[in-house]
Each structure stands twice: as structure tokens, then as C-alpha cells.
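Participant: First the structure, which I've put down as C-alpha cells, then a few questions once you've had a look.
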Amino acid sequence: MTITSLAFLTPGNFADDDPYTGLEETLQLFEYGERLGYDGAWIRQRHLEHGVGSAAVFLAAAGQRTERVELGTAVIPIGYESPFRLAEDLALADVLSRGRLQIGFSTGMPHADILGDLVHDGDWRTFDLSYGRVARVVDNLRGGYLGDPDTVIQSPGNTQRPRLQPHNPGLVDRIWYGGGSLRSARWAGENGLNLLSGNIVTGEGTDDFTTAQSNLLTEYRRLQPAARVAVGRVIVPFDSADRATRTRYQEYATSRHARTLAPQGPRRTLFAPDVVGTAEQILEQLAADPVVTAVSELRLELPYEFRREEYEQILHDVRHLIAPELGWRPAQLEATR
């Protein structure tokens with residue numbers, strides 16, 4: 001196994017009565033990850049929760065605080081979004097970051113019964129909130145001119161043909177789809193999107209997580225043999241943590257273990273076990289994971305509701321004790337801690 005790209009995904013936690021502190025600490029975590037040499041820093045987009053409700057806004061800020069690291073969102077649920085307005089926000093954030101955005105999408109709209117009427121005018125239940133809506137964002141990001149060849153718009157001192165502004169032609173090649181089923185992997189491959197696959201998949205013909213995810217990647221590679229594929233795992237090393245923190249990590253993993261034992265719910269959702277322990281134990285588990293050994297891009301999924309110093313300890317230990325043993329090399333000299 002050789003990992004050539006190492007990234008992390010963080011939930012962007014904050015306290016209900018003090019959102020600024022949590023968001024500022026998340027921006028600082030992006031800075032810290034870049035100094036360590038990580039190749040990518042990704043944020044979750046979450047609605048009605050203590051997290052980032054607009055990945056485009058957050059990544060625009062992160063772009064001003066970092067210089068090199070790829071800035072990703074995993075994932076934007078497309079059901080909340082206007083395809084053209086979202087494309088404008090993402091294009092602007094990408095230009096401000098000098099072309100470093102990596103955009104991940106998913107379908108649907110969590111909390112639809114609560115938010116549907118607030119987000120959309122009209123009967124949103126009849127709207128296409130699935131792949132077609134993602135395709136519309138992608139098409140808008142291509143930056144084609146609107147109207148016929150004679151269509152122009154006037155502004156003070158300027159006459160131009162209308163299209164998405166600002167336009168960065170390279171952004172359309174940095175779009176990902178968060179695929180958890182064979183159908184979604186197939187759609188991503190057919191439409192030329194890169195593929196994100198994390199620690200949750202749909203059990204289709206199997207109760208085994210690894211088998212299901214391997215089948216998903218095989219289907220995608222059949223259509224896109226050379227496109228980027230990133231696999232996510234919750235990895236929590238103990239090595240430089242104190243005794244109390246190690247206990248907290250172990251309790252966290254134990255609380256989530258039962259869900260990995262059988263398919264969950266009507267969609268037969270399968271969960272990968274969290275990879276928790278010493279660096280030596282983690283390396284043994286990763287070496288035995290046929291999905292991780294089959295890809296070159298690994299995304300470290302940070303747990304929800306941990307503290308900033310715990311996130312930094314995890315990033316530090318993975319960077320120093322785990323990733324080099326997977327063949328990864330930092331993009332630049334790391335920070336001293």
C-alpha cells in the first residue's frame with residue numbers, strides 16, 4: 001500500500017452559545033494540518049446542528065488562512081441548494097483560494113420535513129433533489145454562456161455575454177461525489193466525478209462492509225479507471241494522548257461498535273469499525289483492510305464533539321507515526337508541536 005495523498009475531514013463543532021470560538025478553532029486546525037504537511041483539509045456541511053451550514057463560506061475563509069492545502073467539502077447535500085447560486089458561491093471561494101477547492105456532493109435533503117418549506121418556494125416534494133440537481137451545479141460550473149450568441153448584459157462601463165462569474169475552468173475537474181451505493185458509484189463514474197467513499201455504505205448482496213465497499217469501488221473503476229478515489233476511515237491513535245484521553249477514545253469507539261455488527265435500518269446501512277489504538281495496532285488494521293490497500297488517497301475522518309487539542313493530537317500522531325509507514329510523504333516541512 002502506498003498513500004500519496006493524506007487529508008482530514010472535520011465536523012467543525014462549536015458551542016451553541018459561542019459559535020465563533022469553535023469555528024475559529026476549526027480554521028486554526030486547517031492551518032495546523034497544512035503546517036504538518038497534510039495534502040487536504042475538508043469540512044462537513046451540516047444543517048440545524050452545531051457545525052458549518054455553508055461550506056462555501058467557511059472554505060472562503062479557510063482559503064485566506066492557508067496557502068497550499070486542498071480545501072474540501074464532504075459533502076454538500078444538494079437538496080438544500082439552488083444549483084446556480086451554489087455554483088456562484090463555490091466559484092468565488094475557489095478563485096479566492098487560488099484554485100484549491102475540492103467539492104463533494106450528496107443527494108437528498110436531511111431534515112426535509114423541517115426545512116423543505118423554508119428552503120424552497122413551492123412543493124419541494126416534486127423537485128428533483130437527486131442526481132439531476134448535482135448535474136445542474138456541475139453544468140453551471142462549466143461556465144457556458146447563457147442565452148443565444150446575441151445575448152448581452154449591460155453594467156456601468158461594461159457590456160458582456162452573461163455566464164457564471166467568476167469563472168475558473170479548472171473547478172469542474174475538482175468535483176467529487178460521496179458514493180455509498182453501487183448506483184451512486186455508477187452515476188459518479190458515468191458523469192466523470194471523482195469518488196469519495198467513507199465508513200458508511202449500503203449492503204447490497206452482502207452483510208460485510210468491506211465486501212460492499214470493494215464492490216462499489218470496482219464498479220466505479222470500471223467506468224473511471226484513472227479518476228481520483230479517496231477512502232475515509234475514523235482513525236484515532238493513542239500514542240501521544242494522556243491516560244484520560246485514551247480512556248475517552250476507547251469509550252467513544254465502544255459506544256459505536258454495535259452498529260458495525262449487522263446491517264442497520266431498511267436501507268441495510270453498513271458501518272466500518274473505528275480504527276482506534278496505538279500506531280502499531282492501527283497499522284495492522286489498515287494493512288488488513290483491502291479497500292485502504294487498493295487506493296492512494298486516504299482521508300482521516302475526525303470524530304464529532306472532540307476538543308481542538310484532541311484533534312491536533314490525532315493529526316500529529318497520524319502524520320508522524322502512521323502515514324509514513326503507509327508510504328506517504330509530507331508536502332512540506334511539518335510544524336513543531
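Numbering starts fresh at 1 for the residues of each chain in the C-alpha cells, the chains themselves are lettered A, B, ... in the order given, and ligands are numbered from 1 as they appear.
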So which residues of segment 138-276 of chain A fall under strand (DSSP E or B) by DSSP, listed as a ChimeraX atom specification?
Facilitator: /A:153-155,158-160,175-178,194-197,200-202,229-233,235-237,264,269-271,275-276
Participant: Save the residues we just selected, C-alpha atoms, as a tab-separated table (two decimals), in the first residue's frame?
Facilitator:
```tsv
chain	number	residue	atom	x	y	z
A	153	ILE	CA	-25.94	42.33	-20.32
A	154	GLN	CA	-25.11	45.93	-19.59
A	155	SER	CA	-23.41	47.23	-16.49
A	158	ASN	CA	-19.16	47.15	-19.43
A	159	THR	CA	-21.03	45.06	-21.99
A	160	GLN	CA	-20.58	41.30	-21.86
A	175	ILE	CA	-15.86	17.77	-8.14
A	176	TRP	CA	-16.49	14.64	-6.05
A	177	TYR	CA	-19.49	12.53	-5.26
A	178	GLY	CA	-19.97	10.86	-1.89
A	194	ASN	CA	-14.22	11.86	-8.53
A	195	LEU	CA	-15.37	9.42	-5.83
A	196	LEU	CA	-15.47	9.78	-2.05
A	197	SER	CA	-16.25	6.65	-0.03
A	200	ILE	CA	-20.79	4.08	5.64
A	201	VAL	CA	-22.09	2.08	2.65
A	202	THR	CA	-25.25	0.27	1.62
A	229	VAL	CA	-10.79	7.96	-5.40
A	230	ALA	CA	-10.48	8.84	-1.71
A	231	VAL	CA	-11.39	6.45	1.09
A	232	GLY	CA	-12.26	7.71	4.58
A	233	ARG	CA	-11.71	5.99	7.90
A	235	ILE	CA	-8.60	6.71	12.81
A	236	VAL	CA	-7.82	7.63	16.42
A	237	PRO	CA	-4.26	6.90	17.65
A	264	GLN	CA	-28.87	-1.10	10.05
A	269	THR	CA	-26.61	0.53	6.05
A	270	LEU	CA	-23.20	-0.95	6.89
A	271	PHE	CA	-20.65	0.80	9.11
A	275	VAL	CA	-9.67	2.25	13.89
A	276	VAL	CA	-8.58	3.07	17.44
```
Participant: Compile the contact shell of segment 19-34 of chain A as number ranges by chain: residues with an atom at most 8 Å away, counting only C-alpha atoms, same-chain residues fewer than 2 positions apart removed.
Facilitator: A: 10, 12-17, 36-41, 50, 61-62, 65-66, 68-69, 308, 311-312, 315, 335
Participant: Name the residues in contact with segment 248-262 of chain A at a cut-off of 7 Å, using only C-alpha atoms, excluding same-chain residues fewer than 3 positions from it; report them as a list of chain:residue names.
Facilitator: A:Asp207, A:Ala244, A:Thr245, A:Leu270, A:Phe271, A:Ala272, A:Pro273, A:Asp274
Participant: Would you please give, as a PyMOL selection string, all residues of segment 43-72 of chain A that DSSP assigns to helix (DSSP H, G or I) based on the backbone?
Facilitator: chain A and resi 55-65
Participant: Would you save the residues from that selection as a PDB file, in the first residue's frame, using N, CA and C atoms?
Facilitator:
```pdb
ATOM      1  N   ALA A  55     -20.536  25.374   3.474  1.00  0.00           N
ATOM      2  CA  ALA A  55     -19.137  25.021   3.230  1.00  0.00           C
ATOM      3  C   ALA A  55     -18.438  26.069   2.380  1.00  0.00           C
ATOM      4  N   ALA A  56     -19.156  26.669   1.427  1.00  0.00           N
ATOM      5  CA  ALA A  56     -18.529  27.665   0.553  1.00  0.00           C
ATOM      6  C   ALA A  56     -18.041  28.862   1.362  1.00  0.00           C
ATOM      7  N   VAL A  57     -18.854  29.323   2.309  1.00  0.00           N
ATOM      8  CA  VAL A  57     -18.451  30.465   3.136  1.00  0.00           C
ATOM      9  C   VAL A  57     -17.249  30.093   3.996  1.00  0.00           C
ATOM     10  N   PHE A  58     -17.315  28.928   4.644  1.00  0.00           N
ATOM     11  CA  PHE A  58     -16.207  28.525   5.502  1.00  0.00           C
ATOM     12  C   PHE A  58     -14.917  28.360   4.701  1.00  0.00           C
ATOM     13  N   LEU A  59     -14.986  27.716   3.544  1.00  0.00           N
ATOM     14  CA  LEU A  59     -13.777  27.482   2.766  1.00  0.00           C
ATOM     15  C   LEU A  59     -13.218  28.772   2.175  1.00  0.00           C
ATOM     16  N   ALA A  60     -14.078  29.761   1.931  1.00  0.00           N
ATOM     17  CA  ALA A  60     -13.563  31.068   1.508  1.00  0.00           C
ATOM     18  C   ALA A  60     -12.694  31.658   2.608  1.00  0.00           C
ATOM     19  N   ALA A  61     -13.137  31.510   3.867  1.00  0.00           N
ATOM     20  CA  ALA A  61     -12.323  31.984   4.995  1.00  0.00           C
ATOM     21  C   ALA A  61     -11.052  31.152   5.127  1.00  0.00           C
ATOM     22  N   ALA A  62     -11.184  29.827   5.004  1.00  0.00           N
ATOM     23  CA  ALA A  62     -10.016  28.949   5.127  1.00  0.00           C
ATOM     24  C   ALA A  62      -8.992  29.233   4.034  1.00  0.00           C
ATOM     25  N   GLY A  63      -9.468  29.639   2.867  1.00  0.00           N
ATOM     26  CA  GLY A  63      -8.559  29.962   1.780  1.00  0.00           C
ATOM     27  C   GLY A  63      -7.672  31.152   2.083  1.00  0.00           C
ATOM     28  N   GLN A  64      -8.148  32.043   2.953  1.00  0.00           N
ATOM     29  CA  GLN A  64      -7.356  33.210   3.330  1.00  0.00           C
ATOM     30  C   GLN A  64      -6.390  32.901   4.467  1.00  0.00           C
ATOM     31  N   ARG A  65      -6.577  31.758   5.116  1.00  0.00           N
ATOM     32  CA  ARG A  65      -5.738  31.386   6.251  1.00  0.00           C
ATOM     33  C   ARG A  65      -4.701  30.318   5.897  1.00  0.00           C
TER      34      ARG A  65
END
```
Participant: Go ahead and compute the interatomic distance for atom CA of Pro225 of chain A and atom CA of Trp187 of chain A, in Å to one decimal.
Facilitator: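 Value for the atom CA of Pro225 of chain A-atom CA of Trp187 of chain A distance: 14.3 Å.
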Participant: Any idea what's packed within 8 Å of Glu297 of chain A, counting only C-alpha atoms, ignoring anything in its chain fewer than 2 positions away? Could you give it as a ChimeraX atom specification?
Facilitator: /A:3-7,228-231,295,299
Participant: Just to confirm, what's the straight-line distance from atom CA of Gly99 of chain A to atom CA of Glu70 of chain A in Å (one decimal)?
Facilitator: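 Between atom CA of Gly99 of chain A and atom CA of Glu70 of chain A the gap works out to 8.7 Å.
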